[in-house]
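Asker: You'll find target21.csv just under this line, and it carries CSV, C-alpha atoms.
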```
chain,number,residue,atom,x,y,z
A,1,MET,CA,117.9,28.8,213.5
A,2,SER,CA,115.5,30.4,211.0
A,3,SER,CA,111.7,30.5,211.4
A,4,ALA,CA,111.5,28.0,208.6
A,5,THR,CA,112.8,25.3,211.0
A,6,SER,CA,111.7,26.5,214.4
A,7,GLY,CA,108.5,26.1,216.3
A,8,GLY,CA,106.7,28.7,214.1
A,9,PRO,CA,107.1,32.2,212.6
A,10,SER,CA,106.4,35.3,214.6
A,11,LEU,CA,103.7,37.8,213.6
A,12,ARG,CA,106.4,40.1,212.4
A,13,GLU,CA,107.9,37.4,210.2
A,14,ILE,CA,104.5,36.5,208.8
A,15,SER,CA,103.9,40.2,207.9
A,16,ARG,CA,107.4,40.4,206.3
A,17,ASP,CA,106.7,37.3,204.3
A,18,ALA,CA,103.4,38.7,203.1
A,19,VAL,CA,105.1,41.9,201.8
A,20,ARG,CA,107.9,39.9,200.2
A,21,THR,CA,105.3,37.7,198.4
A,22,ARG,CA,103.4,40.8,197.2
A,23,ILE,CA,106.6,42.3,195.8
A,24,THR,CA,107.6,39.0,194.2
A,25,ASP,CA,104.2,38.6,192.5
A,26,VAL,CA,104.3,42.1,191.1
A,27,ALA,CA,108.0,41.8,190.0
A,28,LEU,CA,107.5,38.4,188.3
A,29,GLY,CA,104.6,39.8,186.3
A,30,LEU,CA,106.7,42.7,185.1
A,31,PHE,CA,109.6,40.5,184.3
A,32,VAL,CA,107.4,38.2,182.2
A,33,GLU,CA,105.8,41.1,180.4
A,34,ARG,CA,108.8,43.3,179.7
A,35,GLY,CA,111.9,41.1,180.3
A,36,PHE,CA,114.1,41.1,183.5
A,37,ASP,CA,116.7,43.5,182.2
A,38,GLN,CA,114.1,46.1,181.1
A,39,VAL,CA,112.4,46.4,184.5
A,40,THR,CA,113.9,48.7,187.2
A,41,VAL,CA,113.6,48.5,191.0
A,42,GLU,CA,111.7,51.8,190.8
A,43,GLN,CA,109.1,50.3,188.5
A,44,ILE,CA,108.6,47.3,190.7
A,45,ALA,CA,108.2,49.5,193.8
A,46,ALA,CA,105.8,51.8,192.1
A,47,ALA,CA,103.7,48.9,190.8
A,48,ALA,CA,103.7,47.4,194.4
A,49,GLY,CA,102.6,50.7,195.9
A,50,MET,CA,105.9,51.5,197.7
A,51,SER,CA,109.1,53.5,197.4
A,52,ALA,CA,112.3,52.0,196.1
A,53,ARG,CA,113.7,52.5,199.6
A,54,THR,CA,111.0,50.3,201.0
A,55,PHE,CA,111.7,47.7,198.3
A,56,HIS,CA,115.3,47.5,199.4
A,57,ARG,CA,114.2,46.7,203.0
A,58,TYR,CA,112.9,43.4,201.7
A,59,PHE,CA,115.3,42.7,198.8
A,60,PRO,CA,118.9,44.0,198.5
A,61,ALA,CA,118.8,43.8,194.7
A,62,LYS,CA,116.4,43.1,191.8
A,63,GLU,CA,117.9,39.6,191.4
A,64,ASP,CA,117.0,38.7,194.9
A,65,VAL,CA,113.3,38.9,194.1
A,66,VAL,CA,113.8,35.8,191.8
A,67,VAL,CA,116.5,34.0,193.8
A,68,GLY,CA,114.9,34.6,197.2
A,69,GLU,CA,116.9,34.2,200.5
A,70,PRO,CA,119.6,31.7,199.8
A,71,ALA,CA,120.9,31.4,203.3
A,72,ARG,CA,117.4,30.9,204.8
A,73,TRP,CA,116.5,28.1,202.3
A,74,GLY,CA,120.0,26.6,202.6
A,75,GLU,CA,119.6,26.4,206.4
A,76,LEU,CA,116.3,24.6,205.9
A,77,VAL,CA,117.9,22.0,203.7
A,78,ARG,CA,120.9,21.7,206.0
A,79,ASP,CA,118.8,21.2,209.1
A,80,ALA,CA,116.6,18.7,207.3
A,81,LEU,CA,119.7,16.7,206.3
A,82,ALA,CA,121.0,16.8,209.9
A,83,ASP,CA,117.8,15.3,211.1
A,84,ARG,CA,117.9,12.3,208.7
A,85,PRO,CA,118.9,8.9,210.2
A,86,ARG,CA,122.6,8.4,210.1
A,87,ASP,CA,122.3,4.9,208.8
A,88,GLU,CA,120.2,6.1,205.8
A,89,PRO,CA,122.1,6.2,202.4
A,90,VAL,CA,123.4,9.8,202.0
A,91,TRP,CA,121.9,10.1,198.5
A,92,GLU,CA,118.4,9.3,199.9
A,93,SER,CA,119.0,11.7,202.8
A,94,LEU,CA,119.8,14.5,200.4
A,95,ARG,CA,116.7,13.8,198.2
A,96,SER,CA,114.5,13.8,201.3
A,97,SER,CA,116.0,17.1,202.5
A,98,PHE,CA,115.2,18.7,199.1
A,99,GLU,CA,111.7,17.4,199.4
A,100,THR,CA,111.4,19.4,202.6
A,101,LEU,CA,112.5,22.5,200.6
A,102,LEU,CA,109.9,21.8,197.9
A,103,ALA,CA,107.1,21.4,200.5
A,104,GLN,CA,108.0,24.7,202.3
A,105,ALA,CA,108.5,26.7,199.1
A,106,GLY,CA,105.2,25.4,197.7
A,107,ARG,CA,103.3,26.6,200.8
A,108,ILE,CA,104.7,30.0,200.4
A,109,ASN,CA,104.8,30.6,196.6
A,110,GLY,CA,102.3,28.1,195.3
A,111,ASP,CA,103.0,25.9,192.2
A,112,GLU,CA,102.3,28.6,189.6
A,113,GLY,CA,104.5,31.2,191.4
A,114,ALA,CA,107.3,28.7,191.8
A,115,LYS,CA,107.1,27.7,188.1
A,116,LEU,CA,107.1,31.3,187.0
A,117,THR,CA,110.2,32.0,189.2
A,118,MET,CA,112.1,29.1,187.6
A,119,ARG,CA,111.2,30.3,184.1
A,120,VAL,CA,112.5,33.8,184.8
A,121,LEU,CA,115.6,32.5,186.6
A,122,GLY,CA,117.1,31.2,183.3
A,123,THR,CA,116.5,34.2,181.2
A,124,THR,CA,119.5,36.4,182.0
A,125,ALA,CA,123.2,36.0,182.9
A,126,SER,CA,122.9,37.9,186.1
A,127,LEU,CA,120.2,35.6,187.4
A,128,ARG,CA,122.1,32.5,186.4
A,129,ALA,CA,125.2,33.8,188.2
A,130,ARG,CA,123.2,34.6,191.4
A,131,ASN,CA,121.7,31.1,191.2
A,132,LEU,CA,125.2,29.6,191.0
A,133,GLU,CA,126.2,31.7,194.1
A,134,LYS,CA,123.2,30.2,195.9
A,135,HIS,CA,124.3,26.7,195.0
A,136,LEU,CA,127.8,27.3,196.2
A,137,LEU,CA,126.4,28.6,199.5
A,138,TRP,CA,124.2,25.6,199.9
A,139,ALA,CA,127.1,23.3,199.0
A,140,SER,CA,129.2,24.8,201.8
A,141,MET,CA,126.4,24.1,204.2
A,142,LEU,CA,125.7,20.5,203.1
A,143,THR,CA,129.1,19.1,202.2
A,144,PRO,CA,130.5,18.9,205.8
A,145,LEU,CA,127.4,17.0,206.9
A,146,VAL,CA,127.7,14.5,204.0
A,147,ALA,CA,131.5,14.1,204.6
A,148,ASP,CA,130.9,13.3,208.2
A,149,ARG,CA,128.7,10.3,207.2
A,150,LEU,CA,131.0,8.9,204.6
A,151,LYS,CA,133.6,6.2,205.2
A,152,GLY,CA,136.9,5.6,203.6
A,153,ASP,CA,139.5,7.8,201.9
A,154,ASP,CA,138.8,11.2,200.3
A,155,ALA,CA,135.5,11.7,202.2
A,156,ALA,CA,135.6,15.5,201.7
A,157,LEU,CA,136.2,15.1,198.0
A,158,ARG,CA,133.5,12.5,197.6
A,159,ALA,CA,131.1,14.6,199.7
A,160,GLU,CA,131.5,17.6,197.5
A,161,ILE,CA,130.9,15.6,194.3
A,162,ILE,CA,127.8,14.0,195.8
A,163,VAL,CA,126.4,17.4,197.0
A,164,GLN,CA,127.1,19.1,193.7
A,165,SER,CA,125.5,16.2,191.8
A,166,ALA,CA,122.4,16.5,194.1
A,167,LEU,CA,122.1,20.2,193.4
A,168,ALA,CA,122.3,19.5,189.7
A,169,CYS,CA,119.5,17.0,190.1
A,170,LEU,CA,117.4,19.6,191.9
A,171,ASP,CA,118.0,22.2,189.2
A,172,VAL,CA,117.1,19.8,186.4
A,173,ALA,CA,114.0,18.6,188.2
A,174,LEU,CA,112.7,22.1,188.9
A,175,THR,CA,113.6,23.5,185.4
A,176,THR,CA,111.8,20.6,183.8
A,177,TRP,CA,108.8,21.0,186.1
A,178,ALA,CA,108.6,24.7,185.3
A,179,ASN,CA,108.4,24.1,181.6
A,180,VAL,CA,106.0,21.1,181.4
A,181,ASP,CA,102.3,21.1,182.0
A,182,ASP,CA,101.4,17.4,182.2
A,183,GLY,CA,100.5,17.2,185.8
A,184,THR,CA,103.8,15.9,186.9
A,185,THR,CA,104.9,17.3,190.3
A,186,ALA,CA,108.2,18.8,191.2
A,187,SER,CA,108.6,16.0,193.8
A,188,GLU,CA,108.1,13.3,191.2
A,189,LEU,CA,110.7,14.9,188.9
A,190,LEU,CA,113.1,15.2,191.8
A,191,GLU,CA,112.7,11.5,192.5
A,192,ARG,CA,113.3,10.6,188.9
A,193,SER,CA,116.4,12.9,188.7
A,194,PHE,CA,117.9,11.3,191.8
A,195,ALA,CA,117.1,7.8,190.6
A,196,ALA,CA,119.1,8.5,187.4
A,197,LEU,CA,122.3,8.8,189.4
A,198,GLN,CA,121.5,6.3,192.1
A,199,PRO,CA,123.8,3.5,190.8
A,200,GLN,CA,126.7,5.9,190.7
A,201,VAL,CA,126.4,7.4,194.2
```
Starting from the file, lay out its structure as structure tokens.

Answerer:
Amino acid sequence: MSSATSGGPSLREISRDAVRTRITDVALGLFVERGFDQVTVEQIAAAAGMSARTFHRYFPAKEDVVVGEPARWGELVRDALADRPRDEPVWESLRSSFETLLAQAGRINGDEGAKLTMRVLGTTASLRARNLEKHLLWASMLTPLVADRLKGDDAALRAEIIVQSALACLDVALTTWANVDDGTTASELLERSFAALQPQV
């Protein structure tokens, strides 16, 4: 189980997260200023006061600065879903699990950092592709849990449809939140997005 869902992070993990946050802040600033494709790993590393080799200890590729650690966050959502009451509607359980994700991400990145990340995420094909890979990974983690709670025929098929729809709701909510400045929270937009499909699922 990752530190995001255990009793608490170790000092080493706290230090690692602090360095990752520093790199992310510097990189996002450069991406906004120059454009994602125009910024190199070497430039990010230099601006953060480290070597490119050190950068790669924290992020395998430039895209990972924006996308983050898909497996870690996917495990957080999966574990939150597993902890939801089994008699709770699946759609509500998924929404609540994503709320856990938003709360944890907000504590680490802050609202402005998270908004900036979402804005950069949609700017290039390579980032959109990496985000799709993340969603496929999360779907593979969540779908078996949803299928296990469904009754009737085609449980696996229906579970995959429900999970993919939930991920779409999450994406729309976060993208909308990143591009509006009216005081609406990501959690409020997530709730609205899920409510839009509630009658269907």

Asker: Would you kindly return, as an MDAnalysis selection string, each protein, DNA or RNA residue with an atom no farther than 10 Å from any atom of Arg53 (chain A), considering only C-alpha atoms and excluding same-chain residues fewer than 4 positions away?

Answerer: chainID A and resid 41:42 45 57:59

Asker: Given only C-alpha atoms as the basis, pick out the residue of A:Val19, A:Leu132, A:Ala173, A:Val90 nearest to Val146 (chain A).

Answerer: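 Closest candidate: A:Val90.
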
Asker: What gap, in Å, lies between CA of Arg78 (chain A) and CA of Pro144 (chain A)?

Answerer: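 So the answer is 10.0 Å.
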
Asker: From the set A:Gln198, A:Arg34, A:Leu174, A:Ala47, which residue has the shortest atom-to-atom contact distance to Leu121 (chain A), counting all atoms listed in the file?

Answerer: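 Ranked by minimum distance to Leu121 (chain A), first place goes to A:Leu174.
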
Asker: To one decimal place, how far is CA of Phe36 (chain A) from CA of Ser126 (chain A) in Å?

Answerer: 9.7 Å
